Each structure stands twice: as C-alpha cells, then as structure tokens.
$ cat coords26.csv   # CSV, C-alpha atoms
chain,number,residue,atom,x,y,z
A,18,MET,CA,-31.6,-6.9,-22.7
A,19,ALA,CA,-28.6,-9.0,-22.0
A,20,THR,CA,-27.4,-9.8,-18.5
A,21,LYS,CA,-23.8,-10.5,-17.5
A,22,GLU,CA,-22.2,-11.7,-14.3
A,23,MET,CA,-19.8,-9.5,-12.5
A,24,ILE,CA,-17.1,-11.7,-10.8
A,25,MET,CA,-14.8,-11.1,-7.9
A,26,PRO,CA,-11.6,-9.8,-9.5
A,27,SER,CA,-8.1,-10.5,-8.5
A,28,MET,CA,-6.8,-8.1,-5.8
A,29,GLY,CA,-3.1,-9.0,-6.1
A,30,GLU,CA,-0.6,-11.8,-6.1
A,31,SER,CA,-1.5,-14.8,-3.9
A,32,ILE,CA,-4.9,-13.2,-2.8
A,33,MET,CA,-7.6,-15.8,-3.3
A,34,GLU,CA,-10.6,-14.2,-1.7
A,35,GLY,CA,-12.0,-10.9,-0.5
A,36,THR,CA,-14.6,-9.6,2.0
A,37,ILE,CA,-17.4,-7.4,0.9
A,38,LEU,CA,-17.2,-4.2,2.9
A,39,SER,CA,-20.0,-2.2,1.3
A,40,TRP,CA,-21.9,-1.7,-1.9
A,41,LEU,CA,-21.6,1.8,-3.4
A,42,LYS,CA,-24.5,1.2,-5.7
A,43,LYS,CA,-27.9,-0.5,-5.0
A,44,GLU,CA,-30.0,-2.8,-7.1
A,45,GLY,CA,-31.7,-0.8,-10.0
A,46,ASP,CA,-29.0,1.8,-10.2
A,47,ASN,CA,-27.5,2.8,-13.5
A,48,ILE,CA,-23.7,2.2,-13.6
A,49,GLU,CA,-21.0,3.2,-16.1
A,50,GLN,CA,-18.2,0.9,-17.2
A,51,ASP,CA,-15.2,1.3,-14.8
A,52,GLU,CA,-17.4,3.1,-12.2
A,53,SER,CA,-16.7,2.0,-8.6
A,54,VAL,CA,-19.5,-0.4,-7.5
A,55,LEU,CA,-18.4,-1.8,-4.2
A,56,GLU,CA,-15.6,-1.9,-1.6
A,57,VAL,CA,-13.7,-5.1,-1.0
A,58,ALA,CA,-11.2,-5.9,1.8
A,59,THR,CA,-8.4,-8.5,1.6
A,60,ASP,CA,-5.6,-9.4,4.0
A,61,LYS,CA,-3.4,-6.8,2.3
A,62,VAL,CA,-5.5,-3.9,1.1
A,63,ASP,CA,-9.0,-2.4,0.9
A,64,THR,CA,-10.0,-1.3,-2.5
A,65,GLU,CA,-12.9,-0.1,-4.6
A,66,VAL,CA,-14.0,-2.5,-7.4
A,67,PRO,CA,-15.1,-1.0,-10.8
A,68,ALA,CA,-17.9,-2.3,-13.0
A,69,PRO,CA,-16.6,-4.4,-15.9
A,70,TYR,CA,-19.7,-3.4,-17.9
A,71,GLY,CA,-22.1,-0.5,-18.2
A,72,GLY,CA,-25.8,-0.9,-17.6
A,73,VAL,CA,-28.1,-1.5,-14.7
A,74,LEU,CA,-27.1,-3.3,-11.5
A,75,LYS,CA,-29.8,-5.9,-11.7
A,76,LYS,CA,-29.0,-8.1,-8.7
A,77,ILE,CA,-26.5,-8.2,-5.9
A,78,LEU,CA,-25.4,-11.7,-5.2
A,79,ALA,CA,-22.8,-11.1,-2.5
A,80,LYS,CA,-23.9,-9.4,0.7
A,81,LYS,CA,-21.9,-7.1,3.0
A,82,GLY,CA,-19.6,-9.1,5.2
A,83,GLU,CA,-19.5,-12.2,2.9
A,84,VAL,CA,-16.1,-13.7,2.0
A,85,ILE,CA,-16.0,-14.4,-1.8
A,86,GLY,CA,-13.4,-16.3,-3.7
A,87,VAL,CA,-11.7,-14.8,-6.7
A,88,GLY,CA,-13.6,-15.6,-9.9
A,89,GLU,CA,-16.9,-16.2,-8.1
A,90,PRO,CA,-20.0,-14.1,-9.2
A,91,ILE,CA,-20.9,-11.1,-7.0
A,92,ALA,CA,-23.6,-9.3,-9.1
A,93,ILE,CA,-25.7,-9.4,-12.2
A,94,ILE,CA,-25.5,-6.4,-14.6
A,95,GLU,CA,-28.1,-5.8,-17.2
A,96,THR,CA,-26.5,-4.4,-20.3
A,97,GLY,CA,-27.9,-2.9,-23.5
A,98,ASP,CA,-26.4,-5.5,-25.8
A,99,HIS,CA,-29.3,-7.4,-27.4
A,100,HIS,CA,-27.4,-10.1,-29.1
A,101,GLU,CA,-25.5,-11.5,-26.2
A,102,GLU,CA,-28.5,-13.3,-24.5
A,103,THR,CA,-27.1,-16.3,-22.7
A,104,THR,CA,-28.2,-18.9,-20.2
A,105,LYS,CA,-26.9,-18.6,-16.7
A,106,GLY,CA,-24.4,-21.4,-17.3
A,107,ASP,CA,-23.2,-19.7,-20.5
A,108,GLU,CA,-22.8,-16.4,-18.6
A,109,VAL,CA,-20.5,-18.0,-16.1
A,110,LYS,CA,-18.5,-19.6,-18.8
A,111,ALA,CA,-18.3,-16.4,-20.9
A,112,ALA,CA,-17.3,-14.2,-17.8
A,113,ARG,CA,-14.6,-16.7,-16.7
A,114,GLU,CA,-13.1,-17.3,-20.1
A,115,THR,CA,-12.4,-13.6,-20.6
A,116,VAL,CA,-9.6,-14.0,-18.0
A,117,THR,CA,-6.5,-14.8,-20.0
A,118,LEU,CA,-3.5,-16.9,-19.1
A,119,ALA,CA,-1.4,-13.9,-18.1
A,120,SER,CA,-4.0,-12.6,-15.6
A,121,ILE,CA,-4.5,-16.1,-14.1
A,122,GLN,CA,-0.8,-16.7,-13.7
A,123,GLU,CA,0.0,-13.3,-12.4
A,124,LYS,CA,-3.1,-12.5,-10.3
A,125,ILE,CA,-5.1,-15.5,-9.4
A,126,LEU,CA,-2.6,-18.3,-8.8
A,127,PRO,CA,-0.4,-18.0,-5.7
A,128,PRO,CA,3.4,-17.4,-6.0
A,129,HIS,CA,4.1,-21.2,-5.9
A,130,PHE,CA,2.6,-21.4,-9.5
A,131,SER,CA,5.0,-19.3,-11.4
A,132,GLU,CA,5.8,-22.1,-13.9
A,133,PRO,CA,4.7,-21.3,-17.5
A,134,LEU,CA,1.2,-22.7,-18.3
A,135,SER,CA,-0.3,-23.6,-21.7
A,136,PRO,CA,-1.2,-20.5,-23.8
A,137,SER,CA,-4.9,-21.2,-24.0
A,138,PRO,CA,-7.6,-19.5,-22.0
A,139,VAL,CA,-8.0,-21.0,-18.5
A,140,ASN,CA,-11.1,-21.9,-16.7
A,141,LEU,CA,-11.4,-20.4,-13.2
A,142,ASP,CA,-12.7,-23.5,-11.6
A,143,PHE,CA,-9.1,-24.8,-11.7
A,144,SER,CA,-10.3,-28.3,-12.7
A,145,ASP,CA,-8.0,-28.5,-15.7
A,146,GLU,CA,-5.0,-26.6,-14.4
A,147,ARG,CA,-3.0,-29.6,-13.2
A,148,PHE,CA,-3.3,-33.3,-13.3
A,149,TYR,CA,-4.4,-34.9,-10.0
A,150,SER,CA,-3.9,-38.6,-9.5
A,151,PRO,CA,-6.9,-40.6,-8.2
A,152,LEU,CA,-5.1,-41.0,-4.9
A,153,VAL,CA,-4.6,-37.3,-4.5
A,154,LYS,CA,-8.2,-36.6,-5.5
A,155,ASN,CA,-9.3,-39.2,-2.9
A,156,ILE,CA,-7.3,-37.5,-0.2
A,157,ALA,CA,-8.8,-34.2,-1.1
A,158,ARG,CA,-12.3,-35.6,-1.1
A,159,LYS,CA,-11.9,-37.2,2.4
A,160,GLU,CA,-10.3,-34.0,3.9
A,161,GLY,CA,-12.9,-31.7,2.3
A,162,ILE,CA,-10.4,-29.7,0.2
A,163,SER,CA,-12.1,-27.6,-2.5
A,164,LYS,CA,-10.9,-27.1,-6.0
A,165,MET,CA,-10.0,-23.5,-5.1
A,166,GLU,CA,-7.9,-24.7,-2.1
A,167,MET,CA,-6.3,-27.5,-4.2
A,168,ALA,CA,-5.0,-24.8,-6.5
A,169,THR,CA,-3.0,-23.2,-3.6
A,170,ILE,CA,-1.1,-26.4,-2.8
A,171,PRO,CA,2.5,-26.3,-4.2
A,172,GLY,CA,3.3,-29.4,-6.1
A,173,THR,CA,6.8,-31.0,-6.2
A,174,GLY,CA,6.1,-33.7,-8.8
A,175,LYS,CA,6.7,-33.6,-12.5
A,176,ASP,CA,5.2,-30.5,-14.2
A,177,GLY,CA,4.2,-29.1,-10.8
A,178,ARG,CA,1.9,-32.1,-10.0
A,179,VAL,CA,0.7,-32.5,-6.4
A,180,THR,CA,2.0,-35.7,-4.9
A,181,LYS,CA,0.8,-37.7,-2.0
A,182,GLN,CA,3.6,-36.3,0.1
A,183,ASP,CA,2.6,-32.8,-0.9
A,184,MET,CA,-0.9,-33.5,0.3
A,185,PHE,CA,0.3,-34.9,3.7
A,186,HIS,CA,2.6,-31.9,4.2
A,187,TYR,CA,-0.2,-29.4,3.4
A,188,LEU,CA,-2.6,-31.2,5.7
A,189,GLU,CA,-0.1,-31.3,8.5
A,190,GLY,CA,0.1,-27.5,8.4
A,191,ARG,CA,-3.6,-27.2,7.8
A,192,SER,CA,-4.6,-29.3,10.8
A,193,SER,CA,-2.1,-27.6,13.1
A,194,ARG,CA,-3.9,-24.3,12.6
A,195,THR,CA,-7.4,-25.6,12.9
A,196,PRO,CA,-7.5,-26.2,16.7
A,197,MET,CA,-6.2,-22.7,17.3
A,198,ALA,CA,-9.0,-21.2,15.2
A,199,ASP,CA,-11.8,-23.4,16.6
A,200,ALA,CA,-10.7,-23.4,20.2
A,201,GLU,CA,-13.2,-22.1,22.7
A,202,VAL,CA,-11.6,-19.4,24.8
A,203,GLN,CA,-12.9,-18.1,28.1
A,204,ALA,CA,-11.9,-15.0,29.9
A,205,GLU,CA,-11.0,-15.1,33.6
A,206,GLY,CA,-11.6,-12.2,36.0
A,207,GLU,CA,-10.9,-8.9,34.2
A,208,ASP,CA,-9.2,-10.5,31.2
A,209,GLU,CA,-10.4,-9.3,27.9
A,210,ILE,CA,-10.8,-11.4,24.7
A,211,VAL,CA,-9.9,-9.6,21.5
A,212,VAL,CA,-10.7,-11.4,18.3
A,213,MET,CA,-7.9,-11.0,15.8
A,214,ASP,CA,-9.0,-9.1,12.6
A,215,ARG,CA,-8.7,-10.8,9.2
A,216,MET,CA,-5.4,-9.1,8.4
A,217,ARG,CA,-3.7,-10.2,11.6
A,218,THR,CA,-5.0,-13.7,11.2
A,219,MET,CA,-3.6,-14.0,7.7
A,220,ILE,CA,-0.3,-12.5,8.7
A,221,ALA,CA,0.1,-15.1,11.4
A,222,GLU,CA,-0.8,-17.9,9.1
A,223,ARG,CA,1.6,-16.7,6.3
A,224,MET,CA,4.4,-16.3,8.8
A,225,LEU,CA,4.0,-19.9,10.0
A,226,GLU,CA,3.8,-21.1,6.3
A,227,SER,CA,7.0,-19.2,5.5
A,228,GLN,CA,8.9,-20.8,8.3
A,229,LYS,CA,7.7,-24.2,7.1
A,230,THR,CA,8.6,-23.4,3.5
A,231,SER,CA,12.1,-21.9,4.0
A,232,ALA,CA,14.9,-22.8,6.4
A,233,HIS,CA,15.5,-19.5,8.2
A,234,VAL,CA,19.2,-18.8,9.1
A,235,THR,CA,20.0,-15.3,10.6
A,236,SER,CA,23.4,-13.6,10.3
A,237,PHE,CA,24.2,-10.4,12.2
A,238,MET,CA,26.6,-7.6,11.1
A,239,GLU,CA,27.4,-4.1,12.4
A,240,ALA,CA,28.2,-1.2,10.1
A,241,ASP,CA,29.7,2.2,11.0
A,242,LEU,CA,27.2,4.8,9.8
A,243,THR,CA,29.0,7.8,11.3
A,244,ASN,CA,29.7,9.5,7.9
A,245,LEU,CA,26.1,8.9,6.8
A,246,VAL,CA,24.6,10.3,10.0
A,247,LEU,CA,26.8,13.4,9.9
A,248,TRP,CA,26.1,14.0,6.2
A,249,ARG,CA,22.3,13.6,6.7
A,250,ASN,CA,22.4,16.0,9.6
A,251,ARG,CA,24.0,18.6,7.5
A,252,ILE,CA,21.5,18.5,4.6
A,253,LEU,CA,18.4,17.6,6.6
A,254,GLU,CA,17.0,21.1,7.1
A,255,LYS,CA,17.7,22.2,3.5
A,256,TYR,CA,16.2,19.0,2.1
A,257,MET,CA,12.9,19.5,4.1
A,258,GLU,CA,12.7,23.1,2.9
A,259,LYS,CA,13.3,22.1,-0.7
A,260,GLU,CA,11.3,18.9,-0.9
A,261,GLY,CA,8.7,19.5,1.7
A,262,GLU,CA,9.1,16.1,3.4
A,263,LYS,CA,11.3,14.3,5.9
A,264,LEU,CA,14.4,12.4,5.0
A,265,THR,CA,14.9,9.1,6.9
A,266,PHE,CA,17.7,6.6,6.7
A,267,THR,CA,15.5,4.0,4.9
A,268,PRO,CA,16.1,5.2,1.3
A,269,PHE,CA,19.9,4.8,1.9
A,270,PHE,CA,19.4,1.3,3.1
A,271,VAL,CA,17.2,0.5,0.1
A,272,GLN,CA,19.8,2.0,-2.2
A,273,ALA,CA,22.5,-0.1,-0.6
A,274,VAL,CA,20.4,-3.3,-0.9
A,275,ALA,CA,19.7,-2.6,-4.6
A,276,LYS,CA,23.5,-2.1,-5.2
A,277,ALA,CA,24.3,-5.3,-3.3
A,278,ILE,CA,21.8,-7.3,-5.3
A,279,LYS,CA,23.5,-6.1,-8.5
A,280,ASP,CA,26.7,-7.6,-7.2
A,281,PHE,CA,25.1,-10.7,-5.8
A,282,PRO,CA,22.0,-11.5,-8.0
A,283,ASN,CA,21.6,-15.0,-6.6
A,284,ILE,CA,19.8,-13.4,-3.6
A,285,ASN,CA,17.2,-11.9,-6.0
A,286,VAL,CA,15.4,-15.2,-6.7
A,287,SER,CA,12.5,-17.3,-5.8
A,288,VAL,CA,12.4,-21.1,-5.4
A,289,VAL,CA,9.6,-23.3,-6.8
A,290,GLY,CA,10.2,-27.0,-6.0
A,291,ASN,CA,13.7,-27.8,-7.1
A,292,LYS,CA,13.9,-24.8,-9.5
A,293,ILE,CA,15.4,-21.4,-8.8
A,294,ILE,CA,13.9,-18.5,-10.7
A,295,LYS,CA,16.2,-15.6,-11.1
A,296,LYS,CA,14.4,-12.3,-11.1
A,297,LYS,CA,15.4,-9.7,-13.7
A,298,ASP,CA,13.9,-6.7,-11.9
A,299,ILE,CA,15.0,-5.5,-8.4
A,300,ASN,CA,11.7,-4.8,-6.6
A,301,ILE,CA,12.3,-4.1,-2.9
A,302,GLY,CA,9.5,-4.4,-0.4
A,303,VAL,CA,9.6,-2.1,2.7
A,304,ALA,CA,7.6,-3.2,5.8
A,305,VAL,CA,5.3,-0.5,7.1
A,306,ALA,CA,3.7,-0.6,10.5
A,307,LEU,CA,0.0,0.4,10.4
A,308,PRO,CA,-2.0,2.3,13.1
A,309,SER,CA,-3.9,-1.0,13.7
A,310,GLY,CA,-0.6,-2.7,14.8
A,311,ASN,CA,-0.6,-4.8,11.6
A,312,LEU,CA,2.2,-4.9,9.1
A,313,ILE,CA,2.1,-4.3,5.3
A,314,VAL,CA,4.8,-4.5,2.7
A,315,PRO,CA,4.5,-2.1,-0.2
A,316,VAL,CA,6.9,-2.7,-3.1
A,317,ILE,CA,9.3,-0.2,-4.8
A,318,LYS,CA,9.5,-1.5,-8.4
A,319,ASN,CA,12.9,-1.2,-10.1
A,320,ALA,CA,14.5,0.3,-7.0
A,321,ASP,CA,17.9,0.1,-8.6
A,322,GLN,CA,16.9,2.7,-11.1
A,323,LEU,CA,16.1,5.4,-8.5
A,324,ASN,CA,18.6,7.7,-6.7
A,325,TRP,CA,18.3,8.4,-3.0
A,326,VAL,CA,16.0,11.4,-3.6
A,327,GLY,CA,13.6,9.3,-5.7
A,328,LEU,CA,13.7,6.5,-3.2
A,329,SER,CA,12.9,8.9,-0.4
A,330,LYS,CA,9.9,10.3,-2.1
A,331,LYS,CA,8.7,6.8,-3.2
A,332,ILE,CA,9.0,5.4,0.3
A,333,ASN,CA,7.3,8.4,2.0
A,334,ASP,CA,4.5,8.2,-0.5
A,335,LEU,CA,3.9,4.4,-0.1
A,336,ALA,CA,4.2,4.6,3.7
A,337,ALA,CA,1.7,7.5,3.9
A,338,ARG,CA,-0.8,5.8,1.6
A,339,ALA,CA,-0.3,2.4,3.4
A,340,ARG,CA,-1.3,4.0,6.8
A,341,SER,CA,-4.3,5.7,5.2
A,342,ASN,CA,-5.4,2.5,3.5
A,343,LYS,CA,-5.0,3.9,0.0
A,344,LEU,CA,-2.5,1.5,-1.6
A,345,ALA,CA,-3.4,-0.1,-4.9
A,346,PRO,CA,-3.2,-3.9,-5.1
A,347,ASP,CA,-0.4,-3.8,-7.6
A,348,GLU,CA,1.8,-1.9,-5.1
A,349,LEU,CA,1.8,-4.9,-2.8
A,350,GLN,CA,3.0,-7.5,-5.3
A,351,GLY,CA,6.0,-8.4,-7.3
A,352,GLY,CA,8.6,-7.9,-4.6
A,353,THR,CA,11.9,-9.8,-5.0
A,354,TYR,CA,13.6,-8.8,-1.7
A,355,SER,CA,12.3,-7.1,1.5
A,356,LEU,CA,13.6,-4.7,4.1
A,357,SER,CA,12.3,-4.3,7.7
A,358,ASN,CA,13.3,-1.4,9.9
A,359,ILE,CA,13.2,-2.7,13.5
A,360,GLY,CA,15.4,0.2,14.6
A,361,SER,CA,12.3,2.5,14.7
A,362,PHE,CA,11.3,0.6,17.8
A,363,GLY,CA,14.7,1.0,19.4
A,364,ASN,CA,15.8,-2.6,18.7
A,365,LEU,CA,19.4,-3.3,17.9
A,366,MET,CA,18.8,-6.5,16.0
A,367,GLY,CA,16.1,-9.0,15.2
A,368,THR,CA,15.2,-12.2,13.3
A,369,PRO,CA,12.6,-11.3,10.6
A,370,ILE,CA,10.6,-13.9,8.7
A,371,ILE,CA,11.1,-14.2,4.9
A,372,HIS,CA,8.3,-12.8,2.8
A,373,GLN,CA,7.4,-15.7,0.4
A,374,PRO,CA,8.2,-16.5,-2.3
A,375,GLN,CA,11.4,-14.4,-1.7
A,376,VAL,CA,14.5,-16.1,-0.3
A,377,ALA,CA,15.9,-13.4,2.0
A,378,ILE,CA,15.0,-10.4,4.1
A,379,LEU,CA,17.1,-7.7,5.8
A,380,ALA,CA,16.3,-6.1,9.2
A,381,VAL,CA,18.1,-2.9,10.1
A,382,GLY,CA,18.4,-2.0,13.8
A,383,ALA,CA,18.7,1.3,15.6
A,384,ILE,CA,21.6,3.6,14.9
A,385,THR,CA,23.3,4.3,18.2
A,386,LYS,CA,26.5,5.9,19.5
A,387,LYS,CA,29.0,3.4,21.0
A,388,PRO,CA,32.7,3.2,21.8
A,389,ALA,CA,34.8,1.4,19.2
A,390,VAL,CA,38.5,0.8,18.3
A,391,VAL,CA,39.4,3.2,15.4
A,392,GLU,CA,42.6,2.8,13.5
A,393,THR,CA,44.5,6.1,12.9
A,394,PRO,CA,47.9,7.0,11.4
A,395,THR,CA,49.2,7.4,15.0
A,396,GLY,CA,47.8,4.1,16.3
A,397,ASP,CA,44.5,2.7,17.6
A,398,VAL,CA,42.2,4.8,19.7
A,399,ILE,CA,38.9,4.4,21.4
A,400,ALA,CA,36.3,6.7,19.7
A,401,ILE,CA,32.6,7.2,19.3

$ encode --input "coords26.csv" --output "structure tokens"
Amino acid sequence: MATKEMIMPSMGESIMEGTILSWLKKEGDNIEQDESVLEVATDKVDTEVPAPYGGVLKKILAKKGEVIGVGEPIAIIETGDHHEETTKGDEVKAARETVTLASIQEKILPPHFSEPLSPSPVNLDFSDERFYSPLVKNIARKEGISKMEMATIPGTGKDGRVTKQDMFHYLEGRSSRTPMADAEVQAEGEDEIVVMDRMRTMIAERMLESQKTSAHVTSFMEADLTNLVLWRNRILEKYMEKEGEKLTFTPFFVQAVAKAIKDFPNINVSVVGNKIIKKKDINIGVAVALPSGNLIVPVIKNADQLNWVGLSKKINDLAARARSNKLAPDELQGGTYSLSNIGSFGNLMGTPIIHQPQVAILAVGAITKKPAVVETPTGDVIAI
C-alpha cells in the first residue's frame, strides 16, 4: 500500500496558516476523495478541508489547536496505489510539486507578490522563489525570520528582490508589534482581562500594516438622497413580498461605486513597488460586522454586471453566511475596491482604513433629514 501526505491547503489570498479546529475523522477511518476530513480556522473564515486522496487515514500529524503553515503536512493517508511507494522525503516532494504556479501565485503568496513568476512548478519551501543576497540572508538569520515569513516580505528591488531597506522596514513593523503581544498585563480591582481572539489580532495587525503601506488621505462629501429614499419607501413593501427579503441602501451604493469605477478606472488598481496594476474586473468588497464584534469583507465579483436586484440578493446572501460562518475562502479574496457602511451605527462620517492591496475605500454614513438651501424656479428656499 502506498502512503501520501495530506498538506495544509490554501484558504485564500494572503492567508499563510490555519488553526486546526477539529478532526472529523479519526486514525484508521476510511475516507473518500474530496470527503471532509477536518475543520480549519483562519483569520478570515472557518472551513472544512476535503481529503485530496481516498484511502485510510493512517496518521494525524497536526493536533487540535495547532497553527499550521500552508503547505505543511497535516496527515498521512494510505492509498490503494501499489506503484507509488516513496520515501518520506519523496512524499513531501511529490505532494508539494503538485501545486502549480497558478495556485501558488493566487493562493499561497500574499498580495504583494502579484508579479508573474516562471512557468515551472514551484517548491513550497520558497527557497527558490526569489534571489536573496548574502546580506539579506544574514539579517534574516540573525532576526530569526523563517523561509515562510521571508516570502511575505514585499521586495522593492529589481524583479521583486528584497533589499536591505526592505528588511529594515519590515523589522521595524515587526518589532513594534512584539512588545504588545508579549507584554505582561495585570488586572486591577474588578478589571477584566479579555484575550483577543485570533481574528481580532490579525485585523489589528493588518490595519497597522495597511497604514504603513499606504498614505491615507480622507475626503468628505455630502449627497442628497431624498429621491432614493422616497423611491425605496414606495417599493419596499412590494419588494419584500415578491423577493422575500429586505432591501437596504447598500446595493445602490455598490451600484454607484461600480459605475464610478467605470468612469474612473485608475481607482480600481493595486500598487506593487513602483508598479501600478490595473484590474480588469470590478470586484467590490462589502464590510460585514460579525456577532463577535469582528469585521469581515466578502467580495461581490463583477459587481458592475449586476443590477440593483442582483446586488441586493448577493449582498444579503453574503452577509447572512458571513454572520453564520459559512463563507467559502474564495468569497473573501479578489476584491479591487471596498465599501464600509458606518451609517448603520448612526455615524455621519468616518475614516476607514484601506483594505490592502487595494488603493481606496468608501465609507457611507447615516442618511438623515437636515435643512438645506434648495434652488427653485421662484428662488432659493430652506427645505428638508
């Protein structure tokens, strides 16, 4: 009987590791190919992982609660293939080399590495992905930076190479977060210490990284939505009877953004080093608040191709499944622009943080009645 390693698969763009939540199968169980074997949690989504091969779950290598990097072995599966006997080293090589360039570039490497790579299969230990100078390797060795971590560092040198300055910039951000994570905190009196969950910790880190990556400049504008509000009020009851779901203002905002991007495509880009990558598709992420208090951004793919009814159904579906933790990893990646509705909290305006590697984000505030100067054929008047 042959044995094959099951490796930790990619769970989405920029996700480099996952936490084992539970094993749905135990050692010795028969499993079918594509049958769910375990549950894995990432900073974005919890998902079931299917078996890449059919056979017997011979050995579980990753225990519940362990954090495992993408591409690392998590189990041994005994298959019925007699002529694929390999040594352990060969098994690792065979399992890793089945991952093609497209899956590495799209799923394993973070957004910084959207440059085209060579068309040959890629080794998951990242040792051959980019050239590292002896100086950069020495810095990494002294600072205890692993090969996996090195692959997440954006390079500004030729062909995406990591320079000495890139290393210093990365280490500055890395060291500034370490004291916070390792600090010993003591409660006083009736104070309560609440340890942040993994998702909230990752959100905090990525928001700080985003502010260091992009210069954030905020512009505020008011829009008169009187006609939209009156029209929605007229159709709201009939829409709910016909479609069986609520109609919010969000689909109209998404539709307006998609149309604006058509007119101003230079906002639908990402920046890698000194290169601007213009995105062909208009994929709009919509921030959704979760019951835990965390935030997640599911993506509406090709939002410009949907009318407001289609957008409404898509947004309601994504939001509902986000709150019940049923989103697929693919639904959280590929966004080219984001929208955050801070008006649901009663806020009039805010300063959102850009969702990397995008270059802009729109926050929409509360719709309120207010007095304003309105031009009429008979002169200016104050109206609501």

$ residues_around --input "coords26.csv" --residues "A:Ala400" --least-positions-apart "4" --cutoff "7 Å" --atoms "all atoms listed in the file" --output "compact mmCIF listing (two decimals) with C-alpha atoms, in the coordinates of the input"
# COMPACT_ATOMS: atom_id res chain seq x y z
CA PRO A 388 32.70 3.20 21.80
CA ALA A 389 34.80 1.40 19.20
CA VAL A 390 38.50 0.80 18.30
CA VAL A 391 39.40 3.20 15.40

$ atom_distance --input "coords26.csv" --atom1 "atom CA of A:Thr36" --atom2 "atom CA of A:Tyr187"
24.5 Å

$ closest_atom_pairs --input "coords26.csv" --of "stretch 369-392 of chain A" --to "stretch 313-329 of chain A" --cutoff "12 Å" --atoms "all atoms listed in the file" --output "Markdown table"
| residue | atom | partner | partner_atom | distance |
| --- | --- | --- | --- | --- |
| A:Ile371 | CA | A:Val314 | CA | 11.8 |
| A:His372 | CA | A:Val314 | CA | 9.0 |
| A:Gln373 | CA | A:Val314 | CA | 11.7 |
| A:Ile378 | CA | A:Val314 | CA | 11.9 |

$ atom_distance --input "coords26.csv" --atom1 "atom CA of A:Gln350" --atom2 "atom CA of A:Gly302"
8.7 Å

$ closest_residue --input "coords26.csv" --among "A:Phe148, A:Pro171, A:Phe266, A:Val179" --to "A:Trp248" --atoms "all atoms listed in the file"
A:Phe266

$ closest_atom_pairs --input "coords26.csv" --of "stretch 238-350 of chain A" --to "stretch 360-364 of chain A" --cutoff "12 Å" --atoms "all atoms listed in the file" --output "JSON lines"
{"residue": "A:Thr265", "atom": "CA", "partner": "A:Ser361", "partner_atom": "CA", "distance": 10.5}
{"residue": "A:Phe266", "atom": "CA", "partner": "A:Gly360", "partner_atom": "CA", "distance": 10.4}
{"residue": "A:Thr267", "atom": "CA", "partner": "A:Ser361", "partner_atom": "CA", "distance": 10.4}
{"residue": "A:Ala304", "atom": "CA", "partner": "A:Ser361", "partner_atom": "CA", "distance": 11.6}
{"residue": "A:Val305", "atom": "CA", "partner": "A:Ser361", "partner_atom": "CA", "distance": 10.8}
{"residue": "A:Ala306", "atom": "CA", "partner": "A:Ser361", "partner_atom": "CA", "distance": 10.1}

$ atom_distance --input "coords26.csv" --atom1 "atom CA of A:Glu258" --atom2 "atom CA of A:Ala383"
25.9 Å

$ closest_residue --input "coords26.csv" --among "A:Asp51, A:Glu44, A:Glu89, A:Glu56" --to "A:Lys76" --atoms "all atoms listed in the file"
A:Glu44

$ closest_residue --input "coords26.csv" --among "A:Leu379, A:Met224, A:Met23, A:Met216" --to "A:Ala277" --atoms "all atoms listed in the file"
A:Leu379

$ closest_residue --input "coords26.csv" --among "A:Ser309, A:Gln272, A:Asn300, A:Ser150" --to "A:Tyr354" --atoms "only C-alpha atoms"
A:Asn300

$ closest_residue --input "coords26.csv" --among "A:Leu188, A:Lys259, A:Ala79, A:Asp347" --to "A:Lys159" --atoms "only C-alpha atoms"
A:Leu188

$ decode --input "coords26.csv" --residues "stretch 281-285 of chain A" --atoms "all heavy atoms" --output "compact mmCIF listing (two decimals), in the first residue's frame"
# COMPACT_ATOMS: atom_id res chain seq x y z
N PHE A 281 -13.84 56.11 -13.78
CA PHE A 281 -12.52 56.43 -13.22
C PHE A 281 -11.78 55.14 -12.88
O PHE A 281 -11.60 54.80 -11.71
CB PHE A 281 -12.67 57.31 -11.97
CG PHE A 281 -13.40 58.60 -12.22
CD1 PHE A 281 -14.77 58.69 -12.00
CD2 PHE A 281 -12.73 59.72 -12.71
CE1 PHE A 281 -15.45 59.87 -12.23
CE2 PHE A 281 -13.40 60.90 -12.94
CZ PHE A 281 -14.77 60.98 -12.71
N PRO A 282 -11.32 54.40 -13.90
CA PRO A 282 -10.70 53.08 -13.68
C PRO A 282 -9.39 53.13 -12.92
O PRO A 282 -8.95 52.10 -12.40
CB PRO A 282 -10.49 52.56 -15.11
CG PRO A 282 -10.44 53.78 -15.97
CD PRO A 282 -11.39 54.76 -15.33
N ASN A 283 -8.76 54.30 -12.81
CA ASN A 283 -7.49 54.38 -12.11
C ASN A 283 -7.62 54.18 -10.60
O ASN A 283 -6.62 54.11 -9.89
CB ASN A 283 -6.81 55.72 -12.38
CG ASN A 283 -6.19 55.78 -13.76
OD1 ASN A 283 -5.95 54.74 -14.37
ND2 ASN A 283 -5.94 56.97 -14.26
N ILE A 284 -8.86 54.10 -10.11
CA ILE A 284 -9.07 53.81 -8.69
C ILE A 284 -9.20 52.31 -8.47
O ILE A 284 -9.14 51.83 -7.34
CB ILE A 284 -10.31 54.57 -8.15
CG1 ILE A 284 -10.18 54.83 -6.65
CG2 ILE A 284 -11.59 53.79 -8.43
CD1 ILE A 284 -9.14 55.83 -6.30
N ASN A 285 -9.36 51.56 -9.57
CA ASN A 285 -9.53 50.11 -9.50
C ASN A 285 -8.19 49.43 -9.77
O ASN A 285 -8.02 48.68 -10.73
CB ASN A 285 -10.58 49.67 -10.53
CG ASN A 285 -11.15 48.30 -10.26
OD1 ASN A 285 -11.60 48.02 -9.15
ND2 ASN A 285 -11.14 47.44 -11.26
